[in-house]
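Comments concern the structure below.
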Amino acid sequence: MGHDHSHDHGHDHGSGNKTRMLIAALLTGGFMIVEAAGGLLTGSLALLADAGHMLTDSVALALGWYAFHLAERRANERLTYGYDRIKTLVAYTNGLTVFVIALWIVYEAWERFSMPSPVLGGPMLLVGLAGLLVNIVAFFVLHGGSRDDLNMRGAILHVLGDLLGSVAAIAAAIIILVTGWYPIDPILSVLVAVLLFRSAWALIRDSGHVLLEGAPTSLDRDAIARDIETHVVGVRDIHHMHVWSLDGRRTMATLHASLESGMAAGEAIARIKARLADEHGIGHATVEPEYGDCADARNDHNNHSH
């Protein structure tokens with residue numbers, strides 16, 4: 001009763017990122033229709049495949065926008081940290097979908113390489129150039145947002161995949177116009193797929209680490225514990241320490257602090273929190289002060305930091 005600690009931090013970039021995501025979703029979805037029509041008119045399977053790619057991406061961008069929308073909701077008694085982690089969940093899902101798209105591109109490339117079909121290179125080139133322009137605009141719209149946000153990284157990854165797809169379509173169209181060699185289309189598609197695999201794996205790894213509540217790679221939990229023991233007066237020992245990130249940007253910690261007898265608990269907690277915030281960028285910490293034996297010592301012998 002009366003504990004309205006909503007933890008409403010970290011939304012300074014949220015509104016701008018949300019608007020950027022919506023613009024990119026509209027650009028991608030709008031041009032997807034144009035590219036699909038171009039693919040049907042030219043007989044280009046490459047353009048149709050890229051239109052399918054852009055359809056998936058526009059849906060992913062729309063989901064990313066909705067994740068930002070949900071993250072703006074205040075924390076409540078059931079979701080005490082709010083909805084921020086939805087952005088990370090969407091980023092993880094985006095990474096998986098890009099991985100599947102890359103597999104599909106490889107499969108399609110193999111099919112096309114086995115049975116090359118004629119393509120109208122001129123119209124294909126025009127549609128490819130228009131797609132490149134749209135994707136460059138969408139990329140720069142997203143690139144102006146926060147690169148620390150995993151949801152934004154996922155969105156940029158999707159648009160980058162579309163941009164590379166447009167470059168490949170343009171290159172293939174030029175080579176087809178000059179030489180008439182149709183297999184260049186699937187060859188360039190595989191190159192794009194390899195780049196997508198690499199980026200998707202990085203996004204899945206980073207967002208998965210956040211979802212598993214792993215310690216941020218930039219922080220050393222044991223070093224932080226030693227730092228507090230060394231620099232905060234009245235602290236004998238730090239143990240049962242956990243460090244994790246809520247959304248890839250906001251870092252949190254819980255810890256037990258064994259205090260010298262006579263050291264005021266409130267004063268020690270304030271100093272520890274100040275040290276964590278000022279030196280290690282941990283803005284939210286829960287500190288359990290102790291005198292003598294640890295209250296959890298009987299229950300957990302494997303969770304000490306050092």
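Here, A, B, ... name the chains of the structure tokens in the order displayed, residue numbers run from 1 inside each chain, and ligands are numbered from 1 in the same displayed order.
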Segment 28-229 of chain A: residues DSSP assigns to alpha helix (DSSP H), reported as an MDAnalysis selection string: chainID A and resid 28:42 45:71 85:114 121:143 150:179 184:211 221:229
Residue neighbourhood segment 204-206 of chain A, 9 Å, only C-alpha atoms, exclusion window fewer than 5 positions, as a compact mmCIF listing (two decimals) with all heavy atoms, in the first residue's frame:
# COMPACT_ATOMS: atom_id res chain seq x y z
N ALA A 91 13.28 -8.01 -30.39
CA ALA A 91 14.61 -8.06 -31.03
C ALA A 91 15.06 -9.50 -31.23
O ALA A 91 15.59 -9.86 -32.29
CB ALA A 91 15.63 -7.31 -30.17
N TYR A 92 14.84 -10.35 -30.22
CA TYR A 92 15.21 -11.77 -30.32
C TYR A 92 14.42 -12.45 -31.44
O TYR A 92 14.98 -13.18 -32.27
CB TYR A 92 14.93 -12.45 -28.98
CG TYR A 92 15.38 -13.89 -28.91
CD1 TYR A 92 16.72 -14.21 -28.67
CD2 TYR A 92 14.47 -14.93 -29.08
CE1 TYR A 92 17.13 -15.52 -28.60
CE2 TYR A 92 14.88 -16.26 -29.01
CZ TYR A 92 16.21 -16.55 -28.76
OH TYR A 92 16.62 -17.86 -28.69
N THR A 93 13.11 -12.16 -31.50
CA THR A 93 12.25 -12.73 -32.55
C THR A 93 12.69 -12.24 -33.93
O THR A 93 12.71 -13.02 -34.90
CB THR A 93 10.78 -12.35 -32.30
OG1 THR A 93 10.42 -12.73 -30.97
CG2 THR A 93 9.86 -13.04 -33.28
N ASN A 94 13.05 -10.96 -34.02
CA ASN A 94 13.54 -10.41 -35.29
C ASN A 94 14.79 -11.15 -35.76
O ASN A 94 14.95 -11.45 -36.95
CB ASN A 94 13.84 -8.92 -35.16
CG ASN A 94 12.61 -8.06 -35.37
OD1 ASN A 94 11.58 -8.54 -35.80
ND2 ASN A 94 12.72 -6.78 -35.05
N GLY A 95 15.70 -11.39 -34.83
CA GLY A 95 16.92 -12.12 -35.17
C GLY A 95 16.61 -13.50 -35.73
O GLY A 95 17.20 -13.93 -36.72
N LEU A 96 15.66 -14.20 -35.09
CA LEU A 96 15.26 -15.53 -35.57
C LEU A 96 14.63 -15.47 -36.96
O LEU A 96 14.91 -16.30 -37.82
CB LEU A 96 14.28 -16.18 -34.58
CG LEU A 96 14.85 -16.60 -33.22
CD1 LEU A 96 13.73 -17.13 -32.33
CD2 LEU A 96 15.93 -17.66 -33.38
N LEU A 150 18.23 -2.71 -28.31
CA LEU A 150 18.25 -3.94 -29.09
C LEU A 150 17.11 -3.98 -30.11
O LEU A 150 17.25 -4.55 -31.19
CB LEU A 150 18.17 -5.16 -28.17
CG LEU A 150 19.44 -5.48 -27.38
CD1 LEU A 150 19.15 -6.51 -26.30
CD2 LEU A 150 20.54 -5.99 -28.32
N SER A 199 24.77 -11.09 -39.06
CA SER A 199 24.11 -10.06 -38.28
C SER A 199 23.01 -10.64 -37.39
O SER A 199 22.83 -10.23 -36.24
CB SER A 199 23.51 -9.00 -39.20
OG SER A 199 24.51 -8.39 -39.97
N LEU A 211 17.69 -11.60 -22.15
CA LEU A 211 16.53 -12.37 -21.70
C LEU A 211 16.90 -13.40 -20.64
O LEU A 211 16.10 -13.72 -19.75
CB LEU A 211 15.86 -13.07 -22.89
CG LEU A 211 15.16 -12.15 -23.90
CD1 LEU A 211 14.71 -12.94 -25.13
CD2 LEU A 211 13.98 -11.44 -23.27
N GLY A 248 18.91 -4.05 -22.26
CA GLY A 248 20.14 -3.79 -23.01
C GLY A 248 20.75 -2.44 -22.69
O GLY A 248 21.90 -2.18 -23.04
Using only C-alpha atoms, which protein or nucleic acid residues come within 9 Å of segment 109-123 of chain A? Drop anything in the same chain fewer than 5 positions from it, and give the result as a PDB file with C-alpha atoms, in the first residue's frame.
ATOM      1  CA  GLY A  38       7.530  -5.034 -60.586  1.00  0.00           C
ATOM      2  CA  LEU A  41       5.555  -7.483 -64.661  1.00  0.00           C
ATOM      3  CA  THR A  42       9.207  -8.363 -65.355  1.00  0.00           C
ATOM      4  CA  GLY A  43       9.027 -12.054 -64.517  1.00  0.00           C
ATOM      5  CA  SER A  44      11.837 -11.485 -62.015  1.00  0.00           C
ATOM      6  CA  LEU A  45      11.839 -14.065 -59.251  1.00  0.00           C
ATOM      7  CA  TRP A 104      15.036 -19.277 -47.537  1.00  0.00           C
ATOM      8  CA  GLY A 128      16.052  -2.125 -57.877  1.00  0.00           C
ATOM      9  CA  ALA A 172      22.362  -8.645 -61.125  1.00  0.00           C
ATOM     10  CA  ALA A 173      20.226  -6.501 -63.449  1.00  0.00           C
ATOM     11  CA  ILE A 174      23.310  -4.697 -64.845  1.00  0.00           C
ATOM     12  CA  ILE A 175      25.204  -7.951 -65.416  1.00  0.00           C
ATOM     13  CA  ILE A 176      22.128  -9.544 -67.038  1.00  0.00           C
ATOM     14  CA  LEU A 177      21.715  -6.500 -69.328  1.00  0.00           C
ATOM     15  CA  GLY A 180      22.791 -12.095 -70.406  1.00  0.00           C
ATOM     16  CA  TYR A 182      21.267 -15.170 -65.428  1.00  0.00           C
ATOM     17  CA  PRO A 183      23.085 -17.243 -62.735  1.00  0.00           C
ATOM     18  CA  ILE A 184      24.583 -14.018 -61.313  1.00  0.00           C
ATOM     19  CA  ASP A 185      21.234 -13.381 -59.579  1.00  0.00           C
ATOM     20  CA  PRO A 186      21.328 -16.440 -57.250  1.00  0.00           C
ATOM     21  CA  ILE A 187      25.084 -16.011 -56.663  1.00  0.00           C
ATOM     22  CA  LEU A 188      24.622 -12.475 -55.312  1.00  0.00           C
ATOM     23  CA  SER A 189      21.604 -13.613 -53.292  1.00  0.00           C
ATOM     24  CA  VAL A 190      23.787 -16.099 -51.394  1.00  0.00           C
TER      25      VAL A 190
END
Out of A:Ile33, A:Met152, A:Leu47, A:Val90, which residue has the shortest atom-to-atom distance to Leu126 of chain A when counting only C-alpha atoms?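 Looking at the shortest contact to Leu126 of chain A, the residue is A:Leu47.
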Can you tell me, as an mmCIF file with C-alpha atoms, in the first residue's frame, what residues are no more than 10 Å from Asp247 of chain A when counting only C-alpha atoms, ignoring any on the same chain fewer than 5 positions away?
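Ended up saving to around00.cif:
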data_model
loop_
_atom_site.group_PDB
_atom_site.id
_atom_site.type_symbol
_atom_site.label_atom_id
_atom_site.label_comp_id
_atom_site.auth_asym_id
_atom_site.auth_seq_id
_atom_site.Cartn_x
_atom_site.Cartn_y
_atom_site.Cartn_z
ATOM 1 C CA GLY A 10 15.015 5.173 -19.548
ATOM 2 C CA TYR A 83 7.039 -3.454 -20.399
ATOM 3 C CA ASP A 84 10.606 -2.560 -21.417
ATOM 4 C CA ARG A 85 11.671 -6.164 -21.915
ATOM 5 C CA ILE A 86 9.093 -6.595 -24.700
ATOM 6 C CA LYS A 87 11.523 -4.647 -26.916
ATOM 7 C CA THR A 88 14.211 -7.245 -26.192
ATOM 8 C CA LEU A 89 11.790 -10.094 -26.895
ATOM 9 C CA ASP A 148 22.098 0.795 -27.643
ATOM 10 C CA ASP A 149 18.472 -0.306 -27.966
ATOM 11 C CA LEU A 150 18.247 -3.938 -29.094
ATOM 12 C CA ASN A 151 14.846 -3.375 -30.690
ATOM 13 C CA SER A 207 19.131 -10.190 -26.961
ATOM 14 C CA VAL A 210 19.530 -10.018 -21.870
ATOM 15 C CA LEU A 211 16.529 -12.371 -21.702
ATOM 16 C CA GLU A 213 19.485 -11.983 -17.314
#
For Ala24 of chain A, please output as a count of residues only all residues within 8 Å (counting only C-alpha atoms; exclusion window: fewer than 5 positions along the same chain).
6
Restricting to only C-alpha atoms, whichever of A:Ile282, A:Ile238, A:Leu246, A:Ile156 is closest to Ala71 of chain A is A:Leu246
- Task: Name the residues in contact with Leu191 of chain A at a cut-off of 12 Å, using only C-alpha atoms, excluding same-chain residues fewer than 5 positions from it; report them as a ChimeraX atom specification.
- Result: /A:102-103,105-106,109,161,164-165,167-169,184-186,196-198
Counting only C-alpha atoms, the residue among A:Leu129, A:Leu255, A:Val287, A:Leu55 that lies closest to Leu27 of chain A is A:Leu55
Computed gap from atom CA of Gly29 of chain A to atom CA of Gly131 of chain A is 11.5 Å
